[in-house]
There are 2 protein chains.
Amino acid sequence: MGTTLPKFDSVFSIDCVIFGFDEGELKILLIERNEEPFKDWWALPGYIVEQDESIDHAAERILYELTGLRGIYMDQFYTFGDVNRHPQGRVITVAYYAMIRLNGSKDLKPVSNYASKAVWIPVNDLPKLAFDHEKIFTRGFEKIRHKISYQPIAFELLPEKFTLTQLQHLYEVILNKKLDKRNFRKKMLNYGILKELDEKQKGVSYRAAKLYKFDKRKYARLFQKELTFGK
Amino acid sequence: MGTTLPKFDSVFSIDCVIFGFDEGELKILLIERNEEPFKDWWALPGYIVEQDESIDHAAERILYELTGLRGIYMDQFYTFGDVNRHPQGRVITVAYYAMIRLNGSKDLKPVSNYASKAVWIPVNDLPKLAFDHEKIFTRGFEKIRHKISYQPIAFELLPEKFTLTQLQHLYEVILNKKLDKRNFRKKMLNYGILKELDEKQKGVSYRAAKLYKFDKRKYARLFQKELTFGK
DNA sequence: ATATAGTGTGTATTTTTTACACTAAGTAAT
DNA sequence: ATTACTTAGTGTAAAAAATACACACTATAT
């Protein structure tokens with residue numbers, strides 16, 4: 001099969017920025033490292049790609065091993081390849097992100113002992129992170145902020161049934177600005193990707209809001225349209 | 001410095017999708033490979049990252065070595081990491097793109113002998129490419145198509161002085177659709193990033209069009225605005 | 001019954017997008 | 001000089017989308 005490739009004393013890794021929305025706060029998933037370097041530091045869930053697995057597969061596996069979360073679909077957003085980003089050698093890392101639904105009870109239990117724990121931390125209250133993980137997080141946050149402006153991805157973060165106010169709060173958190181209630185509702189409902197349910201919110205000590213659910217089929221159609229362009 | 005990293009018999013590479021616009025056609029830069037595997041095949045300019053250089057630096061260096069083009073600023077757009085994308089071993093490649101101005105005379109001369117030549121090929125007329133380079137190209141093309149819809153990047157492809165019709169043609173080629181002349185002009189001029197020159201087009205056998213030039217300062221301002229969001 | 005807290009709704013204004021067709025200017029050929 | 005040819009350059013009306021803005025309703029808790 002021709003010549004062989006040069007040996008290369010370097011490593012690929014994956015780091016994951018996993019967003020969740022809980023109690024009105026946008027959070028990300030962090031682990032506490034249980035290995036040097038940066039032992040006992042907070043870090044994004046991340047580890048080394050195996051030699052015989054694709055990077056997409058590695059992302060899924062690594063997230064599972066470090067947090068116990070299974071089958072989370074992630075998108076790649078940037079590859080960080082500065083020479084000195086890892087103190088022990090050359091490590092190029094491919095960063096992935098995902099937005100997931102916190103069912104409250106999704107318990108996080110590292111399967112590997114490379115992490116001592118995994119927890120959700122509000123993005124506005126992040127601790128110092130290992131390596132260049134602050135940079136990676138920041139870029140991931142920019143990515144979803146940008147993406148939400150042309151694709152209604154916010155649904156991925158909400159429970160299956162949600163109120164319009166919850167949806168609006170989520171947009172406000174991601175975009176970091178207040179939105180007008182009436183205009184927001186008009187726009188969202190106009191997209192035609194929300195299905196109004198017969199149910200109402202429960203357990204609130206004030207007038208309960210209608211619940212909505214998100215219509216995947218119509219969403220897919222809108223998604224396509226989004227990438228087209230007017231005359 | 002603590003434990004050492006596992007050895008990993010794998011390689012990082014860079015591949016570049018360089019867009020140019022010439023004679024009304026959108027082109028990309030290809031090389032003819034002078035090495036196995038895929039010797040004598042067409043391929044995107046790409047090669048292996050050195051152990052002690054950042055990937056951004058590698059991209060610039062590799063493009064220079066394979067095409068003779070210097071100091072081209074590129075943006076990363078995707079990392080391809082399937083297990084079998086390279087027949088000789090595990091190669092993960094970071095893909096970069098750039099849009100550049102063809103000054104007609106920019107001669108392409110590979111500096112390394114890994115490529116036997118480098119040429120501009122119309123995107124609508126691409127030959128079969130080595131490895132998974134078709135996939136990489138397609139993704140790069142999608143990237144600029146998407147990007148042009150929110151940032152006026154098309155200028156990077158045009159000569160310093162250009163006519164509105166040329167600009168429109170370029171948009172039409174990238175978006176793959178006809179645009180309305182009056183609406184296009186209205187919109188572009190409204191952005192306020194074009195400076196009308198006193199000069200006219202030369203050497204045409206019909207009424208010569210006014211030349212315009214692109215105003216970088218105002219462009220930067222618009223760029224910022226683009227990422228904000230209405231109420 | 002009353003206080004409280006969030007729900008839900010409409011309209012007028014401005015801005016942006018779209019659709020659409022003819023005259024003007026320069027060149028080339030006779 | 002006339003004519004034919006080719007592209008440049010221009011305006012308006014209509015539709016759609018975005019914005020600004022305030023109050024009555026409803027469920028619950030006390």
# chains A, B, ... in the order shown; residues from 1 in each chain; ligands from 1
>>> closest_atom_pairs(of="chain C", to="chain A", cutoff="7 Å", atoms="only C-alpha atoms (C1' of nucleotides)", output="JSON lines")
{"residue": "C:DA5", "atom": "C1'", "partner": "A:Tyr206", "partner_atom": "CA", "distance": 5.9}
{"residue": "C:DG6", "atom": "C1'", "partner": "A:Tyr206", "partner_atom": "CA", "distance": 6.4}
{"residue": "C:DT7", "atom": "C1'", "partner": "A:Ala209", "partner_atom": "CA", "distance": 6.1}
>>> residues_around(residues="range 81-94 of chain A", least_positions_apart="6", cutoff="6 Å", atoms="only C-alpha atoms (C1' of nucleotides)", output="ChimeraX atom specification")
/A:10-14 /B:53-55
>>> atom_distance(atom1="CA of Leu170 in chain A", atom2="CA of Ile18 in chain A")
15.4 Å
>>> closest_residue(among="A:Glu60, A:Glu156, A:Glu196, A:Asp180", to="chain B", atoms="only C-alpha atoms")
A:Asp180
>>> atom_distance(atom1="CA of Trp42 in chain B", atom2="CA of Asn124 in chain B")
15.0 Å
>>> closest_atom_pairs(of="chain D", to="chain A", cutoff="7 Å", atoms="only C-alpha atoms (C1' of nucleotides)", output="Markdown table")
| residue | atom | partner | partner_atom | distance |
| --- | --- | --- | --- | --- |
| D:DT26 | C1' | A:Arg207 | CA | 5.4 |
| D:DA27 | C1' | A:Arg207 | CA | 3.9 |
| D:DT28 | C1' | A:Ser205 | CA | 4.9 |
>>> write_last_selection(atoms="N, CA and C atoms (P, O5', C5', C4', C3', O3' and C1' of nucleotides)", output="PDB file, in the first residue's frame")
ATOM      1  P    DT D  26     -60.924  35.312  32.065  1.00  0.00           P
ATOM      2  O5'  DT D  26     -59.932  34.429  32.957  1.00  0.00           O
ATOM      3  C5'  DT D  26     -58.719  33.959  32.396  1.00  0.00           C
ATOM      4  C4'  DT D  26     -57.871  33.350  33.493  1.00  0.00           C
ATOM      5  C3'  DT D  26     -58.646  32.611  34.564  1.00  0.00           C
ATOM      6  O3'  DT D  26     -57.913  31.442  34.862  1.00  0.00           O
ATOM      7  C1'  DT D  26     -57.224  34.153  35.566  1.00  0.00           C
ATOM      8  P    DA D  27     -58.692  30.011  34.985  1.00  0.00           P
ATOM      9  O5'  DA D  27     -57.889  29.340  36.182  1.00  0.00           O
ATOM     10  C5'  DA D  27     -56.500  29.101  35.997  1.00  0.00           C
ATOM     11  C4'  DA D  27     -55.779  29.475  37.255  1.00  0.00           C
ATOM     12  C3'  DA D  27     -56.283  28.793  38.522  1.00  0.00           C
ATOM     13  O3'  DA D  27     -55.320  27.825  38.868  1.00  0.00           O
ATOM     14  C1'  DA D  27     -55.684  31.083  38.880  1.00  0.00           C
ATOM     15  P    DT D  28     -55.553  26.837  40.059  1.00  0.00           P
ATOM     16  O5'  DT D  28     -54.864  27.658  41.242  1.00  0.00           O
ATOM     17  C5'  DT D  28     -53.470  27.899  41.155  1.00  0.00           C
ATOM     18  C4'  DT D  28     -53.089  28.836  42.277  1.00  0.00           C
ATOM     19  C3'  DT D  28     -53.470  28.305  43.651  1.00  0.00           C
ATOM     20  O3'  DT D  28     -52.250  27.953  44.303  1.00  0.00           O
ATOM     21  C1'  DT D  28     -53.920  30.639  43.419  1.00  0.00           C
TER      22       DT D  28
END
>>> atom_distance(atom1="C1' of DA28 in chain C", atom2="CA of Lys202 in chain B")
15.7 Å
>>> closest_residue(among="B:His57, B:Lys27, B:Arg217, B:Lys195", to="chain A", atoms="only C-alpha atoms")
B:His57
